[in-house]
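Student: Got a structure for you, questions after.
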Amino acid sequence: MKRLSLTAWIFIGMAVGVAVGALAPGVARHLGPISTIFLRLIRTIIAPLIFGTLVYGIAGGGDLKRMGRIGLKAIVYFEIVTTFALFLGLAAVNLVRPGEGMKLAQTSAEAALPRARPTAAETIEHVFPTSIIDAMARGDVLEIVVFAFLFGAACAAVGAKAAPVVAFCESLAAIMFRYTAYVMYLAPFGVGAALAVTIGSQGFGVLFGLGKLVLTMYAALVLFVTLVLGAVIAVVRIPARKFYRAVREPFLIAFSTASSEAALPVALENMELFGVPKHIVAFVIPTGYSFNLDGSTLYLSLASVFVAQAAGVHMSFGQQLLMMLTLMLTSKGVAGVPRAALVILAATLSSFHLPMEGVAVLLGVDALMDMARTSVNVLGNCLASAVVARWEGGAGALTGKQAAPSLETT
């Protein structure tokens, strides 16, 4: 028999948690420490992972000037499209309000945190850290991100002298992703315990809210692909049928494995055959894996407000915009691995004093959502390479004139 995947074990843990919560609510209410341990381990990932990935992502490519025109065009495109994704997710969750009625409980420590609304000046001041060690100890993701961006830019400016530091950050990021994989082995227990506690305390109504969340996200992603990416294809004049044939295989690989990395080799090969020059493909798609995660950013905006709704925490439009700014920055450090978005979500919830229990509850249906958002990530990055090629004057390439030699030698 084939070994069960982690996703399968998470579904099993979810089913067991639902059963225990429904059949033995008295027992279920005492399983809280199991989910708490899992969430505490998730918290340990946040600071070193964000620091390592952002510093290496900024400085790892060498001198920023050498990235040149292609890098600037790619980054501008990434920011525009991911901003559309964030606000589409925000609009969907405020329209449907899937978290209403769930009433996620906060721990005593979370409930004790101050709720006073900061002024605009205080909010701006708070973005800049006085000590990176203090920011990491408090899990303040905005301060960590600002420090990491400045630190990474300084490393890129210093050049060769910073190579050991950049290599350390690359290694730190790789280690933290392996550490994340180890922590995720506990996910079936954390998910089962969280669902058992929630259902044992609140009944089956919580499952209805999760179902609404999944349907809302799938609908929002369909709208994003149709309206936003479809508009890009039309405006930039990308050959739609040929593009569909090129991205179909990497899209399906990403959907079935819930991993952008698994689809990367096929995406690189297919987009080169599609007609995008090799140097553009080699730069834009890997860079997009850190800076252009359309599906993940849409999910993060939707999931974070969902948790606030489920916890009964009212967030003004200004607070939601600040949360979107946080997600816009922190989502740049997400790598294309399964469930990496949960780490960023946990950081955001912690920064805005929302219950961390929401992460464990969302993990119960995360496998379903991860497949959709990951496949959209891959689709968005393939399109980004075609758009940059068109902007660079590669119109002839996208009609197949440069793809023929590769096809003949394949």
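Letters A, B, ... go to the chains of the structure tokens in the order shown; residues in each chain start at 1; ligands are counted from 1 in the same order.
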For Arg97 in chain A, find every residue with an atom within 8 Å (counting only C-alpha atoms), except residues of its own chain fewer than 5 positions away, and show them as a PyMOL selection string.
Tutor: chain A and resi 92+306+309
Student: Among range 187-228 of chain A, which ones does DSSP assign to alpha helix (DSSP H) (computed from the backbone)? Answer as number ranges by chain.
Tutor: A: 187-202, 205-223
Student: Would you please work out which residue, of A:Ala386, A:Ile46, A:Phe291, A:Pro355, is nearest to Leu273 in chain A when using only C-alpha atoms?
Tutor: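 For Leu273 in chain A, the nearest of the candidates is A:Ala386.
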Student: In Å, rounded to a single decimal, give me how far CA of Leu90 in chain A is from CA of Met323 in chain A.
Tutor: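 Distance reported for this atom pair: 10.2 Å.
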Student: Rank nothing, just name the residue among A:Gly71, A:Pro48, A:Gly200, A:Pro286 nearest to Met136 in chain A, using only C-alpha atoms.
Tutor: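 Checking each of A:Gly71, A:Pro48, A:Gly200, A:Pro286 against Met136 in chain A, counting only C-alpha atoms, the winner is A:Pro48.
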Student: Mind giving me the straight-line distance from CA of Arg245 in chain A to CA of Met369 in chain A in Å, one decimal?
Tutor: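 CA of Met369 in chain A lies at a distance of 24.1 Å from CA of Arg245 in chain A.
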Student: Please provide as a ChimeraX atom specification all residues within 10 Å of Ala28 in chain A, with the sequence filter that same-chain residues fewer than 6 positions apart are discarded (counting only C-alpha atoms).
Tutor: /A:17-22,192-201
Student: Of the candidates A:Arg241, A:Lys278, A:Arg248, A:His353, which shows the shortest atom-to-atom distance to Leu379 in chain A, using only C-alpha atoms?
Tutor: A:Arg248
Student: So that I can see what lies close to Ile175 in chain A, please list as number ranges by chain the residues with an atom at most 10 Å from it, counting only C-alpha atoms and leaving out residues fewer than 6 positions away in the same chain.
Tutor: A: 48-49, 52, 169, 181
Student: Which residue is closest to His314 in chain A? Choose from A:Thr53, A:Thr44, A:Asn94, A:Ser131 and count only C-alpha atoms.
Tutor: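 Under the stated criterion, the closest residue is A:Asn94.
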Student: Fewer than 3 positions away in the same chain doesn't count, so skip those; otherwise give me all residues within 6 Å of Ser296 in chain A, counting only C-alpha atoms, as a list in words.
Tutor: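 In the requested format, the answer is Leu293, Tyr299 and Arg373 of chain A.
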Student: Kindly export the residues of the current selection with N, CA and C atoms, as a PDB file, in the first residue's frame.
Tutor:
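selection_31.pdb, freshly written:
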```pdb
ATOM      1  N   LEU A 293       2.646  36.021  -6.031  1.00  0.00           N
ATOM      2  CA  LEU A 293       1.794  34.895  -5.654  1.00  0.00           C
ATOM      3  C   LEU A 293       0.347  35.369  -5.594  1.00  0.00           C
ATOM      4  N   TYR A 299      -5.956  34.731  -1.115  1.00  0.00           N
ATOM      5  CA  TYR A 299      -6.361  33.899   0.024  1.00  0.00           C
ATOM      6  C   TYR A 299      -6.055  34.582   1.351  1.00  0.00           C
ATOM      7  N   ARG A 373      -5.224  28.009  -4.816  1.00  0.00           N
ATOM      8  CA  ARG A 373      -4.385  29.208  -4.804  1.00  0.00           C
ATOM      9  C   ARG A 373      -3.010  28.938  -5.419  1.00  0.00           C
TER      10      ARG A 373
END
```
Student: Write out as a list of chain:residue names each polymer residue whose atoms come within 8 Å of Tyr56 in chain A, counting only C-alpha atoms; drop sequence neighbours fewer than 4 positions from it.
Tutor: A:Gly52, A:Gly60, A:Gly152, A:Val166, A:Ala167, A:Cys169, A:Glu170
Student: Please determine, counting only C-alpha atoms, which residue among A:Cys382, A:Leu210, A:Ile70, A:Ala15 has the shortest atom-to-atom distance to Met271 in chain A.
Tutor: A:Cys382
Student: Can you measure CA of Leu186 in chain A to CA of Phe38 in chain A for me? One decimal in Å is fine.
Tutor: 6.7 Å
Student: Mind checking which residues fall within 8 Å of range 358-364 of chain A, counting only C-alpha atoms, ignoring those fewer than 4 positions away in the same chain, and posting them as a ChimeraX atom specification?
Tutor: /A:10-11,14,35,39,104,187,190-192,194-195,210,307,342,345-346
